[in-house]
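A.B. asks: Structure in structure tokens, see below.
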Amino acid sequence: MKDTLFSPLSHKKLKVSVEKNYREFIEDVREDFKNGFNTDVVDPQFLDQLNDIVQDIAFDNYSPLNFYWMNLLDNLIYLVQLHEEILSADNFNETNEDLSEQEEELYHLWKESEFAEQFLDLFNEGLPVLEISDQLLPLLENQIISFYVLHINQYQQEFDDALIYQAVPELGEFEKRLYLGESHHIVDLQKTPDSFPSLPIKAFRPEKLELWLEVKEEDVKNKIKLNAPNLEVEDLSLFVLPSCESGLKKQKEFVSNIETALKRIKIAAPHLFDTFKSFTHTIVPMKDAGIVSYSMQSLPGYSSLNMFDRDQVDLMDDLLHENGHHFLNTYLNHLDLINEDEDLIYFSPWRKSLRPIRGIYHGTFTFYWALELFGCLCNDLVNKKLGFSKEEKIKIKTRFLEEYYMLDYCWVDIGHAFKNKKITPVGFELISDVYKKIRSMEKQVREIESSLVETSKSTAKHIAELKTQLQNERKQHSY
């Protein structure tokens with residue numbers, strides 16, 4: 001199990017498999033175009049452009065941004081397939097009642113895309129799913145070309161008709177700033193067009209460090225001014241993007257806090273530090289009271305973290321939690337771990353609501369890293385080295401116990417899902433390795449729980465109440 005979860009060599013092999021799948025996909029697409037890829041669903045001129053783009057040697061090697069672009073292209077190919085299947089059936093709905101399987105797929109694809117807001121607005125107006133998809137396809141076509149121009153090709157381009165680019169917040173982009181390419185070159189927008197997050201690109205001249213937008217008020221010239229600051233933590237290179245609307249002083253504070261958190265992780269749990277190095281390369285600070293952290297399966301290694309109103313214990317947890325998502329997504333990007341469905345039959349102790357198997361599987365894998373972290377931080381010798389306050393020590397012990405009992409609760413559901421073929425054999429083997437590690441902490445759990453009776457009666461009561469709540473939930477959701 002140790003090799004599966006903590007070995008840098010195992011991590012490397014895992015990523016090599018994803019890179020291999022990526023290259024196979026690109027070569028398959030190139031071969032399709034070579035053999036003459038035709039469809040009436042999209043504009044022929046766009047297909048000609050796409051044919052030229054996929055031949056670019058920039059796509060020969062895997063990178064997170066190349067992978068993101070590949071997912072845009074894969075979504076387009078799937079949309080074309082769905083359109084053709086719906087049209088060939090000749091019975092597509094003119095209303096949104098009794099959608100066919102393909103129309104349901106079309107609905108979910110747009111709902112989960114970067115154009116979800118536009119799609120749902122039209123859907124709520126009562127337009128048929130296929131008609132909405134026809135209207136939105138040009139936006140996806142534009143995004144495929146503009147993302148390639150700005151992030152991958154990065155050669156001089158000028159457009160007779162403005163190319164529409166949809167800013168990607170997961171890259172740290174917001175109404176006053178864009179980040180371009182693997183080097184995260186910054187474009188500070190002197191004036192934000194009313195159309196944001198859609199940006200009409202008139203010209204991109206990287207050799208002059210210029211990006212031109214076409215806006216109604218006036219043409220605004222925006223220059224790429226500098227590179228994102230690079231945070232070095234010993235042998236770890238990590239980009240921390242200054243994406244929030246905060247000053248330089250706050251940005252330096254973010255960098256310092258992250259550096260301190262990672263150094264503490266390395267002291268307390270070197271195996272977790274090595275795992276972090278394997279899967280996270282960019283931190284996107286954000287300020288959103290409703291979101292603690294998040295990441296995307298299609299954008300490996302980018303972690304969006306709420307850097308406001310979070311202490312050092314929270315930050316260590318957030319860094320490893322999102323890294324857990326990147327770790328799991330690396331598996332999911334080349335292996336089938338779960339057979340997804342939308343059945344809301346499993347109670348999530350973290351969400352306190354019923355979730356499909358995807359939510360439970362992701363939850364158990366990603367919250368495990370908090371358990372591992374807090375278990376290591378509970379070590380008395382580690383505590384002395386890191387100098388945690390009394391309040392922080394109690395918080396660490398509380399979080400350790402909370403995660404243990406919530407993860408323990410989910411094991412029954414994991415077993416049920418596997419028996420009902422919602423989890424594949426390889427998926428069950430992976431999550432079973434995680435639970436072997438969880439089971440090995442039983443003695444530590446009992447010791448810490450006993451110590452809290454004397455050191456923090458309120459915490460002991462909280463944990464007792466949590467256990468009772470989980471027991472009651474299990475009675476309601478037993479099999």
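How things are named: the first chain in the structure tokens is A, the next is B, and so on; residues count from 1 in each chain; ligands count from 1 in the order shown.
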Tell me which protein, DNA and RNA residues are within 8 Å of A:Ile431, counting only C-alpha atoms, leaving out same-chain ones fewer than 3 positions away, and put them as number ranges by chain.

C.D. replies: A: 361, 364-365, 427-428, 434-435

A.B. asks: Determine which residues of stretch 356-424 of chain A DSSP labels as alpha helix (DSSP H) from the backbone of this structure, then write them out as an mmCIF file with N, CA and C atoms, in the first residue's frame.

C.D. replies:
```cif
data_model
loop_
_atom_site.group_PDB
_atom_site.id
_atom_site.type_symbol
_atom_site.label_atom_id
_atom_site.label_comp_id
_atom_site.auth_asym_id
_atom_site.auth_seq_id
_atom_site.Cartn_x
_atom_site.Cartn_y
_atom_site.Cartn_z
ATOM 1 N N ILE A 357 -22.398 7.673 -5.996
ATOM 2 C CA ILE A 357 -21.166 6.993 -5.611
ATOM 3 C C ILE A 357 -19.931 7.842 -5.910
ATOM 4 N N ARG A 358 -19.990 8.673 -6.932
ATOM 5 C CA ARG A 358 -18.835 9.524 -7.238
ATOM 6 C C ARG A 358 -18.489 10.401 -6.030
ATOM 7 N N GLY A 359 -19.507 10.991 -5.405
ATOM 8 C CA GLY A 359 -19.277 11.863 -4.268
ATOM 9 C C GLY A 359 -18.675 11.126 -3.083
ATOM 10 N N ILE A 360 -19.116 9.906 -2.845
ATOM 11 C CA ILE A 360 -18.596 9.125 -1.719
ATOM 12 C C ILE A 360 -17.167 8.669 -2.006
ATOM 13 N N TYR A 361 -16.920 8.220 -3.216
ATOM 14 C CA TYR A 361 -15.575 7.738 -3.554
ATOM 15 C C TYR A 361 -14.561 8.878 -3.479
ATOM 16 N N HIS A 362 -14.908 10.012 -4.090
ATOM 17 C CA HIS A 362 -14.013 11.170 -4.021
ATOM 18 C C HIS A 362 -13.818 11.620 -2.576
ATOM 19 N N GLY A 363 -14.895 11.624 -1.810
ATOM 20 C CA GLY A 363 -14.809 12.072 -0.431
ATOM 21 C C GLY A 363 -13.877 11.208 0.391
ATOM 22 N N THR A 364 -14.015 9.892 0.288
ATOM 23 C CA THR A 364 -13.178 9.007 1.087
ATOM 24 C C THR A 364 -11.710 9.130 0.704
ATOM 25 N N PHE A 365 -11.431 9.251 -0.590
ATOM 26 C CA PHE A 365 -10.028 9.341 -1.014
ATOM 27 C C PHE A 365 -9.406 10.672 -0.613
ATOM 28 N N THR A 366 -10.145 11.760 -0.779
ATOM 29 C CA THR A 366 -9.547 13.083 -0.544
ATOM 30 C C THR A 366 -9.517 13.477 0.925
ATOM 31 N N PHE A 367 -10.509 13.074 1.715
ATOM 32 C CA PHE A 367 -10.486 13.417 3.136
ATOM 33 C C PHE A 367 -9.538 12.505 3.917
ATOM 34 N N TYR A 368 -9.134 11.401 3.308
ATOM 35 C CA TYR A 368 -8.144 10.551 3.957
ATOM 36 C C TYR A 368 -6.855 11.321 4.234
ATOM 37 N N TRP A 369 -6.494 12.235 3.342
ATOM 38 C CA TRP A 369 -5.224 12.940 3.504
ATOM 39 C C TRP A 369 -5.252 13.854 4.726
ATOM 40 N N ALA A 370 -6.422 14.363 5.073
ATOM 41 C CA ALA A 370 -6.547 15.142 6.306
ATOM 42 C C ALA A 370 -6.326 14.241 7.514
ATOM 43 N N LEU A 371 -6.911 13.044 7.474
ATOM 44 C CA LEU A 371 -6.721 12.095 8.563
ATOM 45 C C LEU A 371 -5.235 11.778 8.745
ATOM 46 N N GLU A 372 -4.560 11.503 7.648
ATOM 47 C CA GLU A 372 -3.129 11.181 7.698
ATOM 48 C C GLU A 372 -2.324 12.361 8.238
ATOM 49 N N LEU A 373 -2.643 13.569 7.762
ATOM 50 C CA LEU A 373 -1.945 14.764 8.227
ATOM 51 C C LEU A 373 -2.149 14.973 9.721
ATOM 52 N N PHE A 374 -3.400 14.988 10.160
ATOM 53 C CA PHE A 374 -3.682 15.286 11.562
ATOM 54 C C PHE A 374 -3.167 14.179 12.486
ATOM 55 N N GLY A 375 -3.159 12.944 11.978
ATOM 56 C CA GLY A 375 -2.582 11.867 12.765
ATOM 57 C C GLY A 375 -1.097 12.101 13.025
ATOM 58 N N CYS A 376 -0.389 12.577 11.996
ATOM 59 C CA CYS A 376 1.041 12.882 12.150
ATOM 60 C C CYS A 376 1.244 14.099 13.050
ATOM 61 N N LEU A 377 0.362 15.096 12.930
ATOM 62 C CA LEU A 377 0.497 16.317 13.729
ATOM 63 C C LEU A 377 0.192 16.068 15.207
ATOM 64 N N ASP A 380 3.522 14.010 19.748
ATOM 65 C CA ASP A 380 4.021 14.984 20.723
ATOM 66 C C ASP A 380 5.339 15.608 20.283
ATOM 67 N N LEU A 381 6.236 14.794 19.716
ATOM 68 C CA LEU A 381 7.532 15.306 19.287
ATOM 69 C C LEU A 381 7.355 16.309 18.145
ATOM 70 N N VAL A 382 6.452 15.991 17.222
ATOM 71 C CA VAL A 382 6.165 16.900 16.110
ATOM 72 C C VAL A 382 5.582 18.204 16.631
ATOM 73 N N ASN A 383 4.680 18.095 17.590
ATOM 74 C CA ASN A 383 4.061 19.287 18.176
ATOM 75 C C ASN A 383 5.103 20.221 18.779
ATOM 76 N N LYS A 384 6.091 19.653 19.443
ATOM 77 C CA LYS A 384 7.142 20.483 20.028
ATOM 78 C C LYS A 384 7.957 21.182 18.957
ATOM 79 N N LYS A 385 8.262 20.494 17.875
ATOM 80 C CA LYS A 385 9.038 21.078 16.784
ATOM 81 C C LYS A 385 8.280 22.209 16.097
ATOM 82 N N LEU A 386 6.983 22.030 15.932
ATOM 83 C CA LEU A 386 6.189 22.994 15.171
ATOM 84 C C LEU A 386 5.595 24.085 16.042
ATOM 85 N N LYS A 390 -2.072 25.695 22.303
ATOM 86 C CA LYS A 390 -2.999 24.750 22.939
ATOM 87 C C LYS A 390 -4.271 24.619 22.109
ATOM 88 N N GLU A 391 -4.782 25.753 21.615
ATOM 89 C CA GLU A 391 -6.010 25.738 20.807
ATOM 90 C C GLU A 391 -5.790 24.975 19.501
ATOM 91 N N GLU A 392 -4.619 25.175 18.877
ATOM 92 C CA GLU A 392 -4.316 24.471 17.630
ATOM 93 C C GLU A 392 -4.194 22.967 17.871
ATOM 94 N N LYS A 393 -3.598 22.582 18.987
ATOM 95 C CA LYS A 393 -3.467 21.155 19.296
ATOM 96 C C LYS A 393 -4.836 20.498 19.450
ATOM 97 N N ILE A 394 -5.747 21.186 20.131
ATOM 98 C CA ILE A 394 -7.099 20.641 20.296
ATOM 99 C C ILE A 394 -7.805 20.553 18.938
ATOM 100 N N LYS A 395 -7.625 21.571 18.112
ATOM 101 C CA LYS A 395 -8.244 21.562 16.782
ATOM 102 C C LYS A 395 -7.707 20.397 15.957
ATOM 103 N N ILE A 396 -6.403 20.160 16.020
ATOM 104 C CA ILE A 396 -5.792 19.070 15.259
ATOM 105 C C ILE A 396 -6.359 17.725 15.713
ATOM 106 N N LYS A 397 -6.449 17.516 17.023
ATOM 107 C CA LYS A 397 -6.983 16.255 17.546
ATOM 108 C C LYS A 397 -8.460 16.085 17.184
ATOM 109 N N THR A 398 -9.193 17.191 17.244
ATOM 110 C CA THR A 398 -10.614 17.138 16.891
ATOM 111 C C THR A 398 -10.790 16.756 15.427
ATOM 112 N N ARG A 399 -10.030 17.397 14.563
ATOM 113 C CA ARG A 399 -10.137 17.107 13.126
ATOM 114 C C ARG A 399 -9.720 15.667 12.830
ATOM 115 N N PHE A 400 -8.712 15.186 13.520
ATOM 116 C CA PHE A 400 -8.275 13.803 13.343
ATOM 117 C C PHE A 400 -9.410 12.834 13.662
ATOM 118 N N LEU A 401 -10.067 13.038 14.784
ATOM 119 C CA LEU A 401 -11.158 12.145 15.182
ATOM 120 C C LEU A 401 -12.367 12.290 14.257
ATOM 121 N N GLU A 402 -12.691 13.528 13.890
ATOM 122 C CA GLU A 402 -13.812 13.742 12.970
ATOM 123 C C GLU A 402 -13.603 12.973 11.671
ATOM 124 N N GLU A 403 -12.416 13.130 11.080
ATOM 125 C CA GLU A 403 -12.159 12.470 9.802
ATOM 126 C C GLU A 403 -12.169 10.951 9.955
ATOM 127 N N TYR A 404 -11.637 10.460 11.061
ATOM 128 C CA TYR A 404 -11.615 9.010 11.242
ATOM 129 C C TYR A 404 -13.031 8.445 11.260
ATOM 130 N N TYR A 405 -13.901 9.023 12.036
ATOM 131 C CA TYR A 405 -15.245 8.468 12.179
ATOM 132 C C TYR A 405 -16.088 8.676 10.914
ATOM 133 N N MET A 406 -15.876 9.761 10.204
ATOM 134 C CA MET A 406 -16.619 9.968 8.954
ATOM 135 C C MET A 406 -16.138 9.013 7.870
ATOM 136 N N LEU A 407 -14.824 8.804 7.804
ATOM 137 C CA LEU A 407 -14.294 7.840 6.840
ATOM 138 C C LEU A 407 -14.738 6.424 7.198
ATOM 139 N N ASP A 408 -14.700 6.101 8.478
ATOM 140 C CA ASP A 408 -15.141 4.786 8.927
ATOM 141 C C ASP A 408 -16.601 4.536 8.543
ATOM 142 N N TYR A 409 -17.422 5.578 8.643
ATOM 143 C CA TYR A 409 -18.843 5.457 8.289
ATOM 144 C C TYR A 409 -19.010 5.023 6.830
ATOM 145 N N CYS A 410 -18.176 5.527 5.951
ATOM 146 C CA CYS A 410 -18.364 5.320 4.506
ATOM 147 C C CYS A 410 -17.954 3.933 4.022
ATOM 148 N N TRP A 411 -17.232 3.174 4.851
ATOM 149 C CA TRP A 411 -16.748 1.880 4.401
ATOM 150 C C TRP A 411 -17.892 0.934 4.024
ATOM 151 N N VAL A 412 -18.968 0.950 4.777
ATOM 152 C CA VAL A 412 -20.124 0.096 4.458
ATOM 153 C C VAL A 412 -20.670 0.441 3.079
ATOM 154 N N ASP A 413 -20.750 1.738 2.778
ATOM 155 C CA ASP A 413 -21.277 2.173 1.479
ATOM 156 C C ASP A 413 -20.320 1.822 0.342
ATOM 157 N N ILE A 414 -19.025 1.905 0.612
ATOM 158 C CA ILE A 414 -18.038 1.505 -0.399
ATOM 159 C C ILE A 414 -18.225 0.028 -0.745
ATOM 160 N N GLY A 415 -18.402 -0.801 0.286
ATOM 161 C CA GLY A 415 -18.619 -2.223 0.052
ATOM 162 C C GLY A 415 -19.899 -2.491 -0.716
ATOM 163 N N HIS A 416 -20.972 -1.781 -0.359
ATOM 164 C CA HIS A 416 -22.249 -1.944 -1.069
ATOM 165 C C HIS A 416 -22.105 -1.535 -2.537
ATOM 166 N N ALA A 417 -21.423 -0.429 -2.772
ATOM 167 C CA ALA A 417 -21.242 0.067 -4.145
ATOM 168 C C ALA A 417 -20.433 -0.927 -4.974
ATOM 169 N N PHE A 418 -19.418 -1.532 -4.375
ATOM 170 C CA PHE A 418 -18.611 -2.511 -5.108
ATOM 171 C C PHE A 418 -19.442 -3.748 -5.457
ATOM 172 N N LYS A 419 -20.227 -4.243 -4.489
ATOM 173 C CA LYS A 419 -21.076 -5.421 -4.745
ATOM 174 C C LYS A 419 -22.104 -5.143 -5.836
#
```

A.B. asks: I'd like a table as JSON lines: residues in stretch 84-163 of chain A with an atom no more than 12 Å from stretch 281-303 of chain A, each row giving the shortest atom pair and its distance in Å to one decimal, only C-alpha atoms counted, sorted by chain and rising residue number.

C.D. replies:
```
{"residue": "A:Glu112", "atom": "CA", "partner": "A:Met296", "partner_atom": "CA", "distance": 11.3}
{"residue": "A:Ser113", "atom": "CA", "partner": "A:Ser298", "partner_atom": "CA", "distance": 11.0}
{"residue": "A:Glu114", "atom": "CA", "partner": "A:Met296", "partner_atom": "CA", "distance": 11.5}
```

A.B. asks: Hey, what's within 6 Å of A:Ile338 if we count only C-alpha atoms and toss same-chain stuff fewer than 5 positions away? As a list in words, please?

C.D. replies: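 Using only C-alpha atoms, the neighbours found are Lys422, Ile423 and Thr424 of chain A.
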
A.B. asks: Looking only at the backbone, which of the residues in stretch 77-325 of chain A does DSSP tag as strand (DSSP E or B), as a PyMOL selection string?

C.D. replies: chain A and resi 157-166+174+177-180+185-188+198-205+210-213+220-227+230-233+236-240+282-286+293-294+302-306

A.B. asks: Calculated over only C-alpha atoms, which of the candidates A:Thr455, A:Ser440, A:Gln312, A:Ser278 has the smallest distance to A:Leu262?

C.D. replies: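 Nearest candidate to A:Leu262 out of A:Thr455, A:Ser440, A:Gln312, A:Ser278: A:Gln312.
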
A.B. asks: Excluding same-chain residues fewer than 4 positions from A:Tyr107, what lies within 7 Å of it counting only C-alpha atoms, as a ChimeraX atom specification?

C.D. replies: /A:103,111,129

A.B. asks: Excluding stretch 49-54 of chain A and residues on its chain fewer than 3 positions from it, collect all residues at most 9 Å away from it, counting only C-alpha atoms, and give them as a ChimeraX atom specification.

C.D. replies: /A:26-27,29-30,33-34,37,44-46,57-59,144-145,148,153

A.B. asks: Compile the contact shell of A:Leu140 as a PyMOL selection string: residues with an atom at most 10 Å away, counting only C-alpha atoms, same-chain residues fewer than 2 positions apart removed.

C.D. replies: chain A and resi 72-73+75-76+113-115+136-138+142-146+164-166
